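A.B. asks: My structure is stored as protein_33.csv, with CSV, C-alpha atoms and all ligand atoms.
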```csv
chain,number,residue,atom,x,y,z
W,181,MET,CA,-23.1,27.3,23.0
W,182,THR,CA,-24.0,25.8,19.6
W,183,ASP,CA,-21.2,24.6,17.3
W,184,GLU,CA,-21.8,27.6,15.0
W,185,GLU,CA,-21.0,29.9,17.9
W,186,ILE,CA,-17.6,28.3,19.0
W,187,PRO,CA,-14.8,30.8,18.3
W,188,ASP,CA,-11.6,29.6,16.6
W,189,GLN,CA,-9.4,30.5,19.5
W,190,GLY,CA,-11.6,28.4,21.8
W,191,ILE,CA,-10.5,25.2,19.9
W,192,ARG,CA,-7.4,23.4,21.1
W,193,LEU,CA,-5.6,20.8,19.0
W,194,ARG,CA,-3.8,17.9,20.6
W,195,SER,CA,-3.2,14.2,20.5
W,196,PRO,CA,-6.1,12.0,21.5
W,197,ARG,CA,-6.1,10.3,24.9
W,198,THR,CA,-6.5,6.5,25.1
W,199,ASP,CA,-10.1,6.8,26.3
W,200,GLU,CA,-11.2,9.1,23.5
W,201,GLY,CA,-11.8,6.6,20.6
W,202,GLY,CA,-15.5,6.7,21.2
W,203,ALA,CA,-15.5,10.5,20.8
W,204,LEU,CA,-13.7,10.2,17.4
W,205,TRP,CA,-16.3,7.6,16.4
W,206,ALA,CA,-19.1,10.1,17.3
W,207,VAL,CA,-17.6,12.9,15.2
W,208,ALA,CA,-17.2,10.5,12.2
W,209,ARG,CA,-20.8,9.5,12.6
W,210,ASP,CA,-22.0,13.1,12.9
W,211,THR,CA,-20.2,14.3,9.7
W,212,GLY,CA,-22.7,12.2,7.7
W,213,THR,CA,-20.2,11.7,4.9
W,214,LEU,CA,-17.3,9.8,6.4
W,215,ASP,CA,-17.2,6.0,6.2
W,216,LEU,CA,-18.2,5.1,9.8
W,217,ASN,CA,-15.9,2.3,11.0
W,218,SER,CA,-16.5,0.3,14.2
W,219,SER,CA,-16.1,2.1,17.5
W,220,TYR,CA,-13.4,-0.5,18.4
W,221,LEU,CA,-11.3,0.7,15.4
W,222,TYR,CA,-11.3,4.3,16.7
W,223,MET,CA,-10.4,3.0,20.1
W,224,LEU,CA,-7.3,1.3,18.7
W,225,LEU,CA,-6.4,4.6,16.9
W,226,ALA,CA,-6.6,6.6,20.1
W,227,ARG,CA,-4.6,4.0,22.0
W,228,ASP,CA,-1.9,3.0,19.5
W,229,PHE,CA,-1.8,5.7,16.8
W,230,SER,CA,-2.1,8.9,18.9
W,231,ASP,CA,1.3,10.1,17.5
W,232,THR,CA,-0.4,10.4,14.1
W,233,CYS,CA,-3.8,11.5,15.2
W,234,VAL,CA,-5.1,15.0,16.3
W,235,VAL,CA,-8.3,16.0,18.0
W,236,ALA,CA,-9.9,19.4,18.1
W,237,GLU,CA,-11.3,20.0,21.6
W,238,HIS,CA,-13.7,22.7,22.7
W,239,ASP,CA,-14.6,23.0,26.4
W,240,GLY,CA,-13.8,19.3,27.0
W,241,ARG,CA,-15.7,18.1,23.9
W,242,ILE,CA,-14.1,16.6,20.8
W,243,VAL,CA,-15.4,18.5,17.8
W,244,GLY,CA,-13.1,17.3,15.1
W,245,PHE,CA,-10.2,14.9,14.4
W,246,ALA,CA,-7.6,13.8,11.9
W,247,SER,CA,-6.3,10.3,11.9
W,248,GLY,CA,-3.5,8.5,10.1
W,249,TYR,CA,-0.3,6.5,10.2
W,250,ARG,CA,3.2,6.4,8.9
W,251,ARG,CA,3.3,3.9,6.0
W,252,PRO,CA,5.4,1.1,7.3
W,253,ARG,CA,7.3,0.3,4.1
W,254,HIS,CA,7.5,4.0,3.0
W,255,PRO,CA,8.5,6.0,6.1
W,256,GLU,CA,8.8,9.2,4.1
W,257,VAL,CA,5.0,9.1,3.7
W,258,VAL,CA,2.5,10.1,6.4
W,259,PHE,CA,-1.0,8.8,5.3
W,260,LEU,CA,-4.0,10.8,6.5
W,261,TRP,CA,-6.9,8.3,6.8
W,262,GLN,CA,-9.9,10.4,7.9
W,263,VAL,CA,-10.4,14.1,8.8
W,264,GLY,CA,-13.8,15.1,10.1
W,265,ILE,CA,-15.4,18.1,11.7
W,266,ARG,CA,-18.8,18.6,13.3
W,267,PRO,CA,-21.1,20.1,10.6
W,268,GLY,CA,-21.6,23.5,12.4
W,269,LEU,CA,-17.8,24.1,12.4
W,270,GLN,CA,-17.0,23.2,8.8
W,271,GLY,CA,-15.8,25.8,6.3
W,272,LYS,CA,-14.1,28.0,8.9
W,273,GLY,CA,-10.5,27.0,8.6
W,274,LEU,CA,-10.5,24.2,11.2
W,275,GLY,CA,-9.7,21.6,8.5
W,276,LYS,CA,-6.5,23.4,7.6
W,277,ARG,CA,-5.6,23.7,11.2
W,278,LEU,CA,-6.1,20.0,11.8
W,279,ILE,CA,-4.0,19.0,8.8
W,280,ALA,CA,-1.2,21.4,9.9
W,281,ALA,CA,-1.3,19.9,13.4
W,282,PHE,CA,-1.3,16.4,11.9
W,283,LEU,CA,1.9,17.1,10.0
W,284,ARG,CA,3.5,18.5,13.2
W,285,GLN,CA,2.7,15.4,15.2
W,286,PRO,CA,5.7,13.3,16.4
W,287,GLY,CA,4.7,10.4,14.2
W,288,ALA,CA,5.0,12.7,11.1
W,289,ASP,CA,8.5,13.9,12.0
W,290,ARG,CA,10.8,14.0,9.0
W,291,ALA,CA,8.1,12.8,6.6
W,292,SER,CA,8.2,14.6,3.3
W,293,LEU,CA,5.0,13.4,1.6
W,294,LEU,CA,1.4,13.5,2.7
W,295,GLU,CA,-1.0,11.0,1.2
W,296,THR,CA,-4.7,10.6,1.4
W,297,THR,CA,-7.5,9.2,-0.7
W,298,ILE,CA,-10.6,11.2,-1.6
W,299,ALA,CA,-13.8,10.3,-3.5
W,300,PRO,CA,-14.3,12.4,-6.7
W,301,GLU,CA,-17.6,13.9,-5.3
W,302,ASN,CA,-16.0,15.2,-2.0
W,303,GLU,CA,-15.4,18.8,-3.1
W,304,ALA,CA,-14.7,20.1,0.4
W,305,SER,CA,-12.0,17.5,1.0
W,306,ARG,CA,-10.4,18.0,-2.4
W,307,ALA,CA,-10.3,21.7,-1.9
W,308,LEU,CA,-8.8,21.2,1.6
W,309,PHE,CA,-5.9,19.1,0.3
W,310,GLN,CA,-5.2,21.3,-2.7
W,311,SER,CA,-5.1,24.3,-0.4
W,312,MET,CA,-2.6,22.5,1.8
W,313,ALA,CA,-0.4,21.8,-1.2
W,314,ARG,CA,-0.4,25.5,-2.0
W,315,GLU,CA,0.4,26.5,1.6
W,316,LEU,CA,3.2,24.0,1.7
W,317,ASP,CA,4.4,25.4,-1.6
W,318,THR,CA,4.5,22.0,-3.3
W,319,GLU,CA,2.6,19.8,-5.7
W,320,CYS,CA,-0.6,17.9,-5.3
W,321,ARG,CA,-0.7,14.9,-7.7
W,322,ILE,CA,-3.9,12.9,-8.2
W,323,SER,CA,-3.8,9.3,-9.3
W,324,PRO,CA,-6.1,6.3,-9.3
W,325,CYS,CA,-6.1,4.2,-6.0
W,326,PHE,CA,-9.1,2.1,-5.2
W,327,ALA,CA,-11.7,1.6,-8.0
W,328,ALA,CA,-15.4,1.5,-7.1
W,329,GLU,CA,-15.6,-2.1,-8.0
W,330,ASP,CA,-12.8,-3.0,-5.6
W,331,PHE,CA,-15.1,-2.3,-2.7
W,332,PRO,CA,-17.3,-5.1,-1.5
W,333,GLU,CA,-20.3,-2.9,-0.8
W,334,PRO,CA,-22.3,-1.8,-3.8
W,335,GLY,CA,-22.5,2.0,-4.4
W,336,HIS,CA,-19.1,2.8,-2.8
W,337,SER,CA,-17.3,5.6,-4.6
W,338,ALA,CA,-13.8,5.2,-6.1
W,339,GLU,CA,-11.0,6.7,-4.0
W,340,GLU,CA,-8.3,8.7,-5.7
W,341,LEU,CA,-4.8,9.1,-4.2
W,342,PHE,CA,-3.7,12.6,-3.4
W,343,THR,CA,0.1,12.9,-3.0
W,344,ILE,CA,1.2,16.2,-1.6
W,345,GLY,CA,4.9,17.0,-1.6
W,346,PRO,CA,7.7,16.7,-1.2
W,347,TYR,CA,7.6,19.4,1.4
W,348,ARG,CA,10.3,20.8,3.6
W,349,PRO,CA,10.1,20.6,7.4
W,350,SER,CA,10.5,24.4,7.4
W,351,ALA,CA,7.3,24.7,5.3
W,352,LEU,CA,5.3,23.6,8.3
W,353,ASN,CA,6.2,26.8,10.1
W,354,ARG,CA,4.1,28.7,7.6
W,355,LEU,CA,1.0,26.7,8.3
W,356,ALA,CA,-1.9,27.8,10.6
W,357,PRO,CA,-1.1,27.4,14.3
O,401,LIG,C1,-13.5,18.1,4.6
O,401,LIG,C2,-13.4,18.9,5.9
O,401,LIG,C3,-12.5,18.2,6.9
O,401,LIG,C4,-12.8,20.3,5.5
O,401,LIG,O1,-12.6,21.1,6.6
O,401,LIG,P1,-13.1,22.6,6.7
O,401,LIG,O2,-12.8,23.1,8.1
O,401,LIG,O3,-14.6,22.6,6.3
O,401,LIG,O4,-12.2,23.3,5.6
O,401,LIG,P2,-11.5,24.7,5.7
O,401,LIG,O5,-12.5,25.7,6.2
O,401,LIG,O6,-10.2,24.5,6.5
O,401,LIG,O7,-11.2,25.0,4.2
O,401,LIG,C5,-10.1,24.5,3.5
O,401,LIG,C6,-10.2,24.9,2.0
O,401,LIG,O8,-11.2,24.1,1.4
O,401,LIG,C7,-12.2,25.0,0.9
O,401,LIG,N1,-13.5,24.4,1.1
O,401,LIG,C8,-14.0,24.1,2.4
O,401,LIG,N2,-15.3,23.6,2.2
O,401,LIG,C9,-15.5,23.6,0.9
O,401,LIG,C10,-16.6,23.1,0.1
O,401,LIG,N3,-17.7,22.6,0.7
O,401,LIG,N4,-16.6,23.3,-1.2
O,401,LIG,C11,-15.5,23.8,-1.8
O,401,LIG,N5,-14.4,24.2,-1.1
O,401,LIG,C12,-14.4,24.1,0.2
O,401,LIG,C13,-12.0,26.3,1.6
O,401,LIG,O9,-12.4,27.4,0.8
O,401,LIG,C14,-10.5,26.3,1.8
O,401,LIG,O10,-9.8,26.7,0.6
O,401,LIG,P3,-8.8,28.0,0.6
O,401,LIG,O11,-7.7,27.6,1.6
O,401,LIG,O12,-8.3,28.0,-0.8
O,401,LIG,O13,-9.6,29.2,1.0
O,401,LIG,C15,-14.8,19.2,6.5
O,401,LIG,O14,-15.6,19.8,5.5
O,401,LIG,C16,-15.5,17.9,6.9
O,401,LIG,O15,-15.4,17.5,8.1
O,401,LIG,N6,-16.3,17.2,6.0
O,401,LIG,C17,-17.0,16.0,6.4
O,401,LIG,C18,-16.1,14.8,6.5
O,401,LIG,C19,-15.3,14.6,5.2
O,401,LIG,O16,-15.8,14.6,4.1
O,401,LIG,N7,-13.9,14.4,5.4
O,401,LIG,C20,-13.0,14.2,4.3
O,401,LIG,C21,-12.9,12.8,3.9
O,401,LIG,S1,-11.7,11.9,4.8
```
Since I need it in another form, could you write the structure as structure tokens?
C.D. replies:
Amino acid sequence: MTDEEIPDQGIRLRSPRTDEGGALWAVARDTGTLDLNSSYLYMLLARDFSDTCVVAEHDGRIVGFASGYRRPRHPEVVFLWQVGIRPGLQGKGLGKRLIAAFLRQPGADRASLLETTIAPENEASRALFQSMARELDTECRISPCFAAEDFPEPGHSAEELFTIGPYRPSALNRLAP
């Protein structure tokens, strides 16, 4: 079955297992747009941050993921670091399902703000988070975060901070299962 043929209901969302960091790395690589970090970094995420990560699995294969953490000095904030879906499965609502599952993870319990950073040219990601704010019936504020010149590599885009919230725990019940 190609990615395009995978039905929505055939995709299960769950926490990553310790040995699945490499699969997260492969999805990030295959998106072609995400910053690809070292495989070791994704292994640490799967091992130590599984309470704030979600994977989308189809037939034993990881086809998407969302990763993040609770901000240590701002526990009301859950920060979403990367969300990525294999290209053939994008644009079908899986991004929204992944964010909803991310907000329901144990590590996001009692958080009231969702943060992420997005490059100005990433239309799909901007649309995804603005749509989540509407579904949570709350605001999406956009402010400067990392300037292009803050990055050591030439050609890296700026990253703007998206702050979604405050949202009520009950708002999560309205999101996609
Ligand atoms: C960004 C990404 C996770 C979005 O997931 P997705 O499954 O494609 O998005 P969804 O189908 O859930 O759509 C969510 C919303 O965004 C909109 N959207 C999705 N793709 C879009 C695009 N290319 N352009 C404009 N809007 C888009 C949808 O219409 C929907 O809006 P709505 O709820 O108002 O109808 C996915 O496209 C992806 O993996 N991209 C590559 C990696 C990446 O850039 N990640 C983000 C940076 S961390």
A.B. asks: Collect all residues with atoms no farther than 6 Å from ligand LIG 401 (chain O), counting all atoms listed in the file, and output them as a ChimeraX atom specification.
C.D. replies: /W:211,213-214,262-265,270-276,303-305,307-308,311
A.B. asks: Would you mind exporting the chosen residues as a compact mmCIF listing (two decimals), in the frame of the given file, restricted to C-alpha atoms?
C.D. replies:
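Dumped to out_39.txt:
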```txt
# COMPACT_ATOMS: atom_id res chain seq x y z
CA THR W 211 -20.20 14.30 9.70
CA THR W 213 -20.20 11.70 4.90
CA LEU W 214 -17.30 9.80 6.40
CA GLN W 262 -9.90 10.40 7.90
CA VAL W 263 -10.40 14.10 8.80
CA GLY W 264 -13.80 15.10 10.10
CA ILE W 265 -15.40 18.10 11.70
CA GLN W 270 -17.00 23.20 8.80
CA GLY W 271 -15.80 25.80 6.30
CA LYS W 272 -14.10 28.00 8.90
CA GLY W 273 -10.50 27.00 8.60
CA LEU W 274 -10.50 24.20 11.20
CA GLY W 275 -9.70 21.60 8.50
CA LYS W 276 -6.50 23.40 7.60
CA GLU W 303 -15.40 18.80 -3.10
CA ALA W 304 -14.70 20.10 0.40
CA SER W 305 -12.00 17.50 1.00
CA ALA W 307 -10.30 21.70 -1.90
CA LEU W 308 -8.80 21.20 1.60
CA SER W 311 -5.10 24.30 -0.40
```
A.B. asks: I'd like the interatomic distance between CA of Ala281 in chain W and CA of Pro196 in chain W, to a tenth of an Å.
C.D. replies: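 Distance reported for this atom pair: 12.3 Å.
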A.B. asks: Kindly give the distance, in Å, that separates CA of Ala280 in chain W and CA of Tyr249 in chain W, rounded to a single decimal.
C.D. replies: 14.9 Å
A.B. asks: Report as an MDAnalysis selection string all protein, DNA and RNA residues lying within 12 Å of Gly244 in chain W, evaluated on only C-alpha atoms, omitting residues in the same chain fewer than 5 positions from it.
C.D. replies: chainID W and resid 183 191:196 200 203:211 233:238 262:270 273:279
A.B. asks: Closest to Tyr220 in chain W among W:Gly335, W:Gly202, W:Pro252, W:Pro324, using only C-alpha atoms?
C.D. replies: W:Gly202
A.B. asks: For CA of Glu333 in chain W and CA of Phe229 in chain W, quote the distance in Å rounded to one decimal.
C.D. replies: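 Atom-to-atom, CA of Glu333 in chain W to CA of Phe229 in chain W, that is 26.9 Å.
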A.B. asks: Show which residues sit within 6 Å of Cys325 in chain W, as a CSV table (one decimal) with C-alpha atoms, in the frame of the given file. Count all atoms listed in the file, and ignore same-chain residues fewer than 5 positions away.
C.D. replies:
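Okay, part.csv is ready:
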```
chain,number,residue,atom,x,y,z
W,339,GLU,CA,-11.0,6.7,-4.0
W,340,GLU,CA,-8.3,8.7,-5.7
W,341,LEU,CA,-4.8,9.1,-4.2
```
A.B. asks: Quick one: residues within 7 Å of Ala328 in chain W, only C-alpha atoms, excluding same-chain residues fewer than 3 positions away - as a list of chain:residue names?
C.D. replies: W:Phe331, W:His336, W:Ser337, W:Ala338
A.B. asks: Of the candidates W:Leu224, W:Val243, W:Leu283, W:Val257, which shows the shortest atom-to-atom distance to Asp188 in chain W, using only C-alpha atoms?
C.D. replies: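 When distances to Asp188 in chain W are compared using only C-alpha atoms, the smallest one comes from W:Val243.
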A.B. asks: Which neighbours of Arg348 in chain W fall inside 10 Å, counting only C-alpha atoms, when residues of the same chain fewer than 3 positions from it are skipped, and could you give them as a list of chain:residue names?
C.D. replies: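 Non-adjacent residues within range: W:Arg290, W:Ala291, W:Ser292, W:Leu293, W:Leu316, W:Asp317, W:Thr318, W:Gly345, W:Ala351, W:Leu352, W:Asn353.
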A.B. asks: Kindly reconstruct range 270-281 of chain W with all heavy atoms and present the result as a short mmCIF file (atom, residue, chain, number, x, y, z; two decimals), in the frame of the given file.
C.D. replies:
```cif
data_model
loop_
_atom_site.label_atom_id
_atom_site.label_comp_id
_atom_site.auth_asym_id
_atom_site.auth_seq_id
_atom_site.Cartn_x
_atom_site.Cartn_y
_atom_site.Cartn_z
N GLN W 270 -17.71 23.38 10.12
CA GLN W 270 -17.00 23.20 8.80
C GLN W 270 -16.93 24.54 8.08
O GLN W 270 -17.76 25.42 8.27
CB GLN W 270 -17.71 22.15 7.98
CG GLN W 270 -17.61 20.76 8.58
CD GLN W 270 -18.43 19.72 7.85
OE1 GLN W 270 -18.95 19.98 6.76
NE2 GLN W 270 -18.57 18.56 8.43
N GLY W 271 -15.92 24.63 7.20
CA GLY W 271 -15.80 25.80 6.30
C GLY W 271 -15.28 27.05 7.02
O GLY W 271 -15.42 28.16 6.51
N LYS W 272 -14.62 26.88 8.20
CA LYS W 272 -14.10 28.00 8.90
C LYS W 272 -12.60 27.95 9.16
O LYS W 272 -12.07 28.61 10.04
CB LYS W 272 -14.80 28.14 10.29
CG LYS W 272 -16.30 28.33 10.22
CD LYS W 272 -16.85 28.31 11.64
CE LYS W 272 -18.35 28.51 11.65
NZ LYS W 272 -18.88 28.45 13.02
N GLY W 273 -11.94 27.07 8.42
CA GLY W 273 -10.50 27.00 8.60
C GLY W 273 -10.00 25.90 9.51
O GLY W 273 -8.79 25.68 9.63
N LEU W 274 -10.92 25.21 10.19
CA LEU W 274 -10.50 24.20 11.20
C LEU W 274 -9.84 23.00 10.44
O LEU W 274 -8.89 22.38 10.96
CB LEU W 274 -11.64 23.76 12.05
CG LEU W 274 -11.32 22.75 13.15
CD1 LEU W 274 -10.17 23.22 14.04
CD2 LEU W 274 -12.56 22.46 14.00
N GLY W 275 -10.32 22.66 9.25
CA GLY W 275 -9.70 21.60 8.50
C GLY W 275 -8.25 21.82 8.24
O GLY W 275 -7.40 20.93 8.45
N LYS W 276 -7.93 23.04 7.83
CA LYS W 276 -6.50 23.40 7.60
C LYS W 276 -5.70 23.33 8.86
O LYS W 276 -4.56 22.87 8.86
CB LYS W 276 -6.43 24.74 6.90
CG LYS W 276 -6.83 24.65 5.44
CD LYS W 276 -7.12 26.00 4.83
CE LYS W 276 -5.87 26.75 4.48
NZ LYS W 276 -6.18 27.94 3.66
N ARG W 277 -6.28 23.79 9.94
CA ARG W 277 -5.60 23.70 11.20
C ARG W 277 -5.30 22.27 11.63
O ARG W 277 -4.24 21.92 12.14
CB ARG W 277 -6.35 24.41 12.33
CG ARG W 277 -6.32 25.93 12.28
CD ARG W 277 -7.09 26.54 13.44
NE ARG W 277 -6.51 26.23 14.75
CZ ARG W 277 -7.18 26.33 15.91
NH1 ARG W 277 -8.43 26.74 15.92
NH2 ARG W 277 -6.58 26.05 17.05
N LEU W 278 -6.30 21.41 11.40
CA LEU W 278 -6.10 20.00 11.80
C LEU W 278 -5.03 19.32 10.95
O LEU W 278 -4.23 18.55 11.48
CB LEU W 278 -7.45 19.24 11.59
CG LEU W 278 -8.43 19.26 12.76
CD1 LEU W 278 -9.79 18.75 12.32
CD2 LEU W 278 -7.91 18.42 13.93
N ILE W 279 -5.00 19.61 9.65
CA ILE W 279 -4.00 19.00 8.80
C ILE W 279 -2.58 19.52 9.21
O ILE W 279 -1.61 18.77 9.27
CB ILE W 279 -4.19 19.27 7.30
CG1 ILE W 279 -5.59 18.91 6.87
CG2 ILE W 279 -3.15 18.52 6.45
CD1 ILE W 279 -5.93 17.47 6.89
N ALA W 280 -2.50 20.81 9.48
CA ALA W 280 -1.20 21.40 9.90
C ALA W 280 -0.75 20.70 11.20
O ALA W 280 0.42 20.30 11.33
CB ALA W 280 -1.35 22.89 10.11
N ALA W 281 -1.66 20.54 12.15
CA ALA W 281 -1.30 19.90 13.40
C ALA W 281 -0.92 18.42 13.19
O ALA W 281 0.00 17.90 13.82
CB ALA W 281 -2.45 20.00 14.41
#
```
